[in-house]
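S.K.: Please find one structure pasted underneath; my questions will follow.
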Amino acid sequence: MIDIKFLRENPDIVKENIKKKFQDKKLPLVDEVIALDKERRDIQAEADAIRAEKNQISKQIGALMAQGKKDEAEEIKKKVAESAARLKELEEKAPVIEEQVTSIMMRIPNIIDDSVPVGKDDSENVEVERFGEPVVPDFEIPYHTDIIEKFGGIDLDAARKVAGNGFYYLVGDVARLHSAVLSYARDFMIDKGFTYVIPPYMIRSDVVTGVMSFDEMESMMYKIEGEDLYLIGTSEHSMIGRFKNEMLDEVSLPITLTSYSPCFRKEKGAHGIEERGIYRIHQFEKQEMIVICKPEESMDWYNKMWSYTVELFRTLDIPVRTLECCSGDLADLKVKSVDVEAWSPRQKKYFEVGSCSNLGDAQARRLKIRVKDEDGNKYLAHTLNNTVVAPPRMLIAFLENNLNADGSVNIPEALRPYMGGKEKIEVK
């Protein structure tokens with residue numbers, strides 16, 4: 001959510017930003033919120049004037065009563081009563097207008113960074129850099145569920161009986177590999193100086209609307225029936241929500257955290273052949289990184305964060321690339337975002353395994369996360385988030401890039417301590 005003062009003073013910039021995001025249907029919202037904001041400020045000014053006049057008149061009434069001028073005092077009291085009725089009317093109207101302004105402001109997209117390429121959707125995202133040499137072996141790479149089934153490592157049929165489509169059982173060495181990757185990612189981030197956190201897996205609606213746009217909320221979140229609780233789609237939600245209504249001392253910044261959680265997502269929409277198995281699912285686990293920092297440091301942290309994900313994947317012998325998200329592919333709260341994509345030898349292309357986002361002060365404004373410097377000045381923090389690793393999707397890249405012709409899978413040296421020293425997973 002952008003600053004209402006900025007919108008009031010720069011409506012053309014806000015409208016141009018909306019156009020860059022190809023959301024022209026939202027253009028009328030700018031003029032609508034400006035009109036409501038003026039009405040809100042006029043109401044405030046009139047109410048303040050009535051209160052000031054009321055205080056002055058009260059003194060006059062006291063003076064008249066002291067002088068024995070009761071009739072004059074009574075006449076003035078009638079005027080006070082009329083003013084009180086108008087004040088009550090204004091005080092009842094003010095929160096209604098305030099709610100309307102907030103509702104509209106939460107639908108207007110954040111101002112994107114000047115460096116973001118302009119494009120309609122993810123098909124116009126721009127490759128930035130590749131890390132590692134993509135290799136296609138001289139033997140056929142099976143579909144990932146076929147690879148896993150040779151290890152006796154997955155049971156989708158039982159999962160459908162128990163929970164429906166979009167769920168899975170991981171078994172044996174594959175389940176252990178899944179946990180090993182998460183444990184390795186946890187320690188990798190701790191070694192980078194991040195503090196490990198396990199957050200709540202459910203959050204209240206005021207936190208949901210603080211961390212994401214309404215469109216994201218509708219397409220992603222599972223609501224707990226009968227309660228003001230939602231299952232998290234990523235630990236970023238509860239991690240940022242932790243600082244709701246907080247006044248942080250500037251000396252405590254940056255706050256660098258890495259969190260583990262299961263994630264729950266509706267994943268609405270069509271699912272093609274590449275989204276069978278464990279590619280697009282309703283439940284998965286993820287290691288995340290969160291940074292809360294000073295505004296002038298957020299872009300530096302943005303670049304550090306995505307580079308950590310690249311580094312981790314390269315230690316697991318997985319080639320990756322970074323892809324700059326274009327304007328039309330950015331969620332409304334994001335200032336800038338980059339996807340990390342892993343190489344798929346089977347598909348002979350890259351696919352998304354993580355995303356790094358700088359949200360500027362949008363989440364902090366919604367959740368009232370403020371910072372106080374040593375001089376007592378107050379400002380909004382900047383928030384960033386990034387996927388460290390998200391198995392089981394990441395397992396697809398891992399299995400394909402470490403597969404041998406005989407069906408076994410190599411365990412990179414970095415992961416062996418978490419796999420009991422195993423160098424390979426053998427076909428059963």
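Ordering of the structure tokens sets the chain letters (A, B, ...), residue numbers begin anew at 1 in every chain, and ligands are numbered from 1 in the order given.
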Which residues come within 12 Å of Pro199 of chain A, counting only C-alpha atoms, excluding same-chain residues fewer than 6 positions away, as a PyMOL selection string?
M.R.: chain A and resi 231-232+234-242+257-263+287-288
S.K.: Let me see the file: selected residues, N, CA and C atoms, as a compact mmCIF listing (two decimals), in the first residue's frame.
M.R.:
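Saved result, out-v3.txt, follows:
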```
# COMPACT_ATOMS: atom_id res chain seq x y z
N LEU A 231 -4.78 -20.80 7.07
CA LEU A 231 -3.54 -21.55 6.96
C LEU A 231 -2.55 -20.73 6.14
N ILE A 232 -1.29 -20.68 6.56
CA ILE A 232 -0.31 -19.88 5.84
C ILE A 232 0.05 -20.53 4.50
N THR A 234 2.87 -19.44 3.06
CA THR A 234 4.32 -19.35 3.19
C THR A 234 4.61 -18.76 4.55
N SER A 235 5.75 -19.11 5.14
CA SER A 235 6.04 -18.61 6.49
C SER A 235 6.28 -17.10 6.52
N GLU A 236 6.54 -16.51 5.36
CA GLU A 236 6.67 -15.05 5.30
C GLU A 236 5.49 -14.36 5.97
N HIS A 237 4.29 -14.93 5.80
CA HIS A 237 3.07 -14.29 6.32
C HIS A 237 3.12 -14.12 7.83
N SER A 238 3.38 -15.21 8.54
CA SER A 238 3.41 -15.10 10.00
C SER A 238 4.70 -14.46 10.49
N MET A 239 5.78 -14.58 9.72
CA MET A 239 7.05 -13.98 10.12
C MET A 239 6.97 -12.45 10.10
N ILE A 240 6.39 -11.88 9.05
CA ILE A 240 6.22 -10.43 9.00
C ILE A 240 5.15 -9.99 9.99
N GLY A 241 4.08 -10.80 10.11
CA GLY A 241 3.01 -10.49 11.06
C GLY A 241 3.50 -10.40 12.50
N ARG A 242 4.58 -11.06 12.80
CA ARG A 242 5.16 -11.02 14.15
C ARG A 242 5.48 -9.60 14.59
N LEU A 257 16.08 -13.26 9.37
CA LEU A 257 15.48 -14.48 9.91
C LEU A 257 15.32 -15.53 8.82
N THR A 258 15.46 -16.79 9.21
CA THR A 258 15.16 -17.89 8.30
C THR A 258 14.17 -18.82 8.99
N SER A 259 13.11 -19.15 8.29
CA SER A 259 12.00 -19.87 8.94
C SER A 259 11.61 -21.12 8.18
N TYR A 260 11.24 -22.12 8.96
CA TYR A 260 10.69 -23.36 8.39
C TYR A 260 9.19 -23.38 8.62
N SER A 261 8.46 -23.90 7.64
CA SER A 261 7.03 -24.15 7.86
C SER A 261 6.47 -25.05 6.78
N PRO A 262 5.40 -25.78 7.09
CA PRO A 262 4.57 -26.31 6.01
C PRO A 262 3.81 -25.15 5.38
N CYS A 263 3.42 -25.30 4.13
CA CYS A 263 2.69 -24.25 3.41
C CYS A 263 1.45 -24.89 2.78
N GLN A 287 11.83 -23.68 3.42
CA GLN A 287 12.73 -22.85 4.22
C GLN A 287 12.75 -21.48 3.57
N GLU A 288 12.45 -20.47 4.36
CA GLU A 288 12.28 -19.10 3.85
C GLU A 288 13.32 -18.19 4.50
```
S.K.: If DSSP is run on the backbone, what residues of segment 63-163 of chain A are helix (DSSP H, G or I)? A reply as a PyMOL selection string would be ideal.
M.R.: chain A and resi 63-66+70-105+122-124+144-149+156-162
S.K.: Near Leu367 of chain A, within 10 Å and counting only C-alpha atoms, which residues show up once chain neighbours fewer than 4 positions away are dropped, as a PDB file with C-alpha atoms, in the first residue's frame?
M.R.:
```
ATOM      1  CA  ASP A 206      -5.734  -8.668   9.733  1.00  0.00           C
ATOM      2  CA  VAL A 207      -2.299 -10.223   9.195  1.00  0.00           C
ATOM      3  CA  VAL A 208      -3.369 -11.776   5.876  1.00  0.00           C
ATOM      4  CA  THR A 209      -4.503  -8.406   4.517  1.00  0.00           C
ATOM      5  CA  GLY A 210      -1.312  -6.873   5.873  1.00  0.00           C
ATOM      6  CA  VAL A 211       1.053  -9.109   3.939  1.00  0.00           C
ATOM      7  CA  ILE A 240       6.219 -10.428   8.996  1.00  0.00           C
ATOM      8  CA  GLY A 241       3.012 -10.485  11.061  1.00  0.00           C
ATOM      9  CA  ARG A 242       5.160 -11.024  14.149  1.00  0.00           C
ATOM     10  CA  PHE A 243       6.179  -7.355  13.980  1.00  0.00           C
ATOM     11  CA  LYS A 244       2.659  -5.953  13.574  1.00  0.00           C
ATOM     12  CA  ASN A 245       2.226  -2.617  15.422  1.00  0.00           C
ATOM     13  CA  GLU A 246       5.869  -2.725  16.574  1.00  0.00           C
ATOM     14  CA  ASP A 361       7.321  -0.236   2.898  1.00  0.00           C
ATOM     15  CA  ALA A 362       3.998  -1.685   1.649  1.00  0.00           C
ATOM     16  CA  GLN A 363       3.673  -4.445   4.257  1.00  0.00           C
ATOM     17  CA  LEU A 380       8.411   2.679   8.030  1.00  0.00           C
TER      18      LEU A 380
END
```
S.K.: Do you know which residues are at most 10 Å from Lys378 of chain A counting only C-alpha atoms, after dropping those on the same chain fewer than 6 positions away, and could you put them as number ranges by chain?
M.R.: A: 247-250, 370-372
S.K.: What residues in segment 163-314 of chain A get the DSSP label strand (DSSP E or B)? Please answer as an MDAnalysis selection string.
M.R.: chainID A and resid 169:170 195:197 202:203 222:223 230:231 247:249 255:264 283:293
S.K.: Can you tell me which residues surround segment 399-407 of chain A at a distance of at most 12 Å, considering only C-alpha atoms, apart from same-chain residues fewer than 2 positions away, and format the answer as number ranges by chain?
M.R.: A: 132-151, 174, 177-178, 313-314, 316-320, 342-350, 391-397, 409-413, 423-428
S.K.: Which residues, written as a ChimeraX atom specification, have at least one atom at most 8 Å from segment 78-84 of chain A, with only C-alpha atoms counted and residues fewer than 6 positions away on the same chain left out?
M.R.: /A:50,54,57
S.K.: Closest to Tyr302 of chain A among A:Lys38, A:Lys88, A:His382, A:Arg366, using only C-alpha atoms?
M.R.: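 Comparing A:Lys38, A:Lys88, A:His382, A:Arg366 against Tyr302 of chain A, the winner is A:His382.
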S.K.: Env of Tyr230 of chain A: 12 Å cut, atoms = only C-alpha atoms, seq-sep filter 5 positions within chain, self excluded. Answer as a ChimeraX atom specification.
M.R.: /A:200-209,217-218,220-225,237-238,263-266
S.K.: For the selection just defined, write its residues with N, CA, C and O atoms to a file, as a compact mmCIF listing (two decimals), in the first residue's frame.
M.R.:
```
# COMPACT_ATOMS: atom_id res chain seq x y z
N PRO A 200 4.03 -19.62 13.76
CA PRO A 200 2.68 -20.21 13.71
C PRO A 200 2.32 -20.57 12.27
O PRO A 200 2.74 -19.89 11.34
N TYR A 201 1.53 -21.61 12.12
CA TYR A 201 1.11 -22.04 10.78
C TYR A 201 -0.28 -21.52 10.41
O TYR A 201 -0.80 -21.83 9.35
N MET A 202 -0.88 -20.75 11.32
CA MET A 202 -2.16 -20.10 11.05
C MET A 202 -2.04 -18.63 11.45
O MET A 202 -1.31 -18.29 12.38
N ILE A 203 -2.75 -17.76 10.73
CA ILE A 203 -2.72 -16.34 11.03
C ILE A 203 -4.13 -15.75 10.92
O ILE A 203 -4.99 -16.30 10.23
N ARG A 204 -4.32 -14.63 11.59
CA ARG A 204 -5.61 -13.94 11.56
C ARG A 204 -5.75 -13.11 10.28
O ARG A 204 -4.78 -12.80 9.61
N SER A 205 -7.00 -12.72 10.02
CA SER A 205 -7.30 -12.01 8.77
C SER A 205 -6.59 -10.67 8.67
O SER A 205 -6.22 -10.24 7.58
N ASP A 206 -6.39 -9.96 9.81
CA ASP A 206 -5.73 -8.67 9.73
C ASP A 206 -4.27 -8.81 9.36
O ASP A 206 -3.67 -7.87 8.81
N VAL A 207 -3.67 -9.97 9.64
CA VAL A 207 -2.30 -10.22 9.20
C VAL A 207 -2.29 -10.59 7.71
O VAL A 207 -1.42 -10.14 6.95
N VAL A 208 -3.27 -11.39 7.29
CA VAL A 208 -3.37 -11.78 5.88
C VAL A 208 -3.44 -10.53 5.00
O VAL A 208 -2.68 -10.38 4.03
N THR A 209 -4.34 -9.61 5.34
CA THR A 209 -4.50 -8.41 4.52
C THR A 209 -3.32 -7.46 4.67
O THR A 209 -3.13 -6.56 3.85
N MET A 217 -4.82 -13.38 -1.84
CA MET A 217 -5.53 -14.00 -0.72
C MET A 217 -6.61 -14.96 -1.22
O MET A 217 -6.74 -16.09 -0.76
N GLU A 218 -7.36 -14.51 -2.21
CA GLU A 218 -8.46 -15.32 -2.74
C GLU A 218 -7.94 -16.57 -3.45
O GLU A 218 -8.53 -17.64 -3.33
N MET A 220 -4.98 -18.09 -3.00
CA MET A 220 -4.05 -18.93 -2.26
C MET A 220 -4.60 -19.48 -0.96
O MET A 220 -4.47 -20.68 -0.68
N MET A 221 -5.22 -18.67 -0.12
CA MET A 221 -5.40 -18.99 1.29
C MET A 221 -6.57 -19.94 1.55
O MET A 221 -7.64 -19.84 0.96
N TYR A 222 -6.34 -20.86 2.49
CA TYR A 222 -7.39 -21.72 3.02
C TYR A 222 -7.91 -21.10 4.31
O TYR A 222 -7.16 -20.82 5.24
N LYS A 223 -9.23 -20.90 4.39
CA LYS A 223 -9.87 -20.32 5.57
C LYS A 223 -10.31 -21.43 6.52
O LYS A 223 -10.83 -22.46 6.09
N ILE A 224 -10.07 -21.24 7.81
CA ILE A 224 -10.54 -22.16 8.83
C ILE A 224 -12.00 -21.82 9.13
O ILE A 224 -12.30 -20.73 9.62
N GLU A 225 -12.90 -22.71 8.83
CA GLU A 225 -14.33 -22.44 8.97
C GLU A 225 -14.70 -22.10 10.40
O GLU A 225 -14.31 -22.79 11.34
N HIS A 237 4.29 -14.93 5.80
CA HIS A 237 3.07 -14.29 6.32
C HIS A 237 3.12 -14.12 7.83
O HIS A 237 2.93 -13.02 8.35
N SER A 238 3.38 -15.21 8.54
CA SER A 238 3.41 -15.10 10.00
C SER A 238 4.70 -14.46 10.49
O SER A 238 4.73 -13.84 11.56
N CYS A 263 3.42 -25.30 4.13
CA CYS A 263 2.69 -24.25 3.41
C CYS A 263 1.45 -24.89 2.78
O CYS A 263 1.51 -26.01 2.28
N PHE A 264 0.36 -24.14 2.78
CA PHE A 264 -0.90 -24.66 2.27
C PHE A 264 -1.46 -23.69 1.23
O PHE A 264 -1.64 -22.51 1.52
N ARG A 265 -1.74 -24.20 0.02
CA ARG A 265 -2.20 -23.32 -1.05
C ARG A 265 -3.32 -23.99 -1.86
O ARG A 265 -3.25 -25.18 -2.16
N LYS A 266 -4.30 -23.17 -2.26
CA LYS A 266 -5.38 -23.69 -3.08
C LYS A 266 -4.88 -24.11 -4.46
O LYS A 266 -5.36 -25.08 -5.02
```
S.K.: Let me make sure I understand: among A:Ile13, A:Tyr308, A:Ala414, A:Ala85, which one has the smallest atom-to-atom distance to Asp114 of chain A if we use only C-alpha atoms?
M.R.: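 Distance minimum relative to Asp114 of chain A lands on A:Ile13.
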S.K.: Would you mind telling me which residue in A:Leu333, A:Leu323, A:Val310, A:Leu384 lies nearest to Cys293 of chain A when using only C-alpha atoms?
M.R.: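 Going through A:Leu333, A:Leu323, A:Val310, A:Leu384 one by one, the smallest distance to Cys293 of chain A is for A:Leu384.
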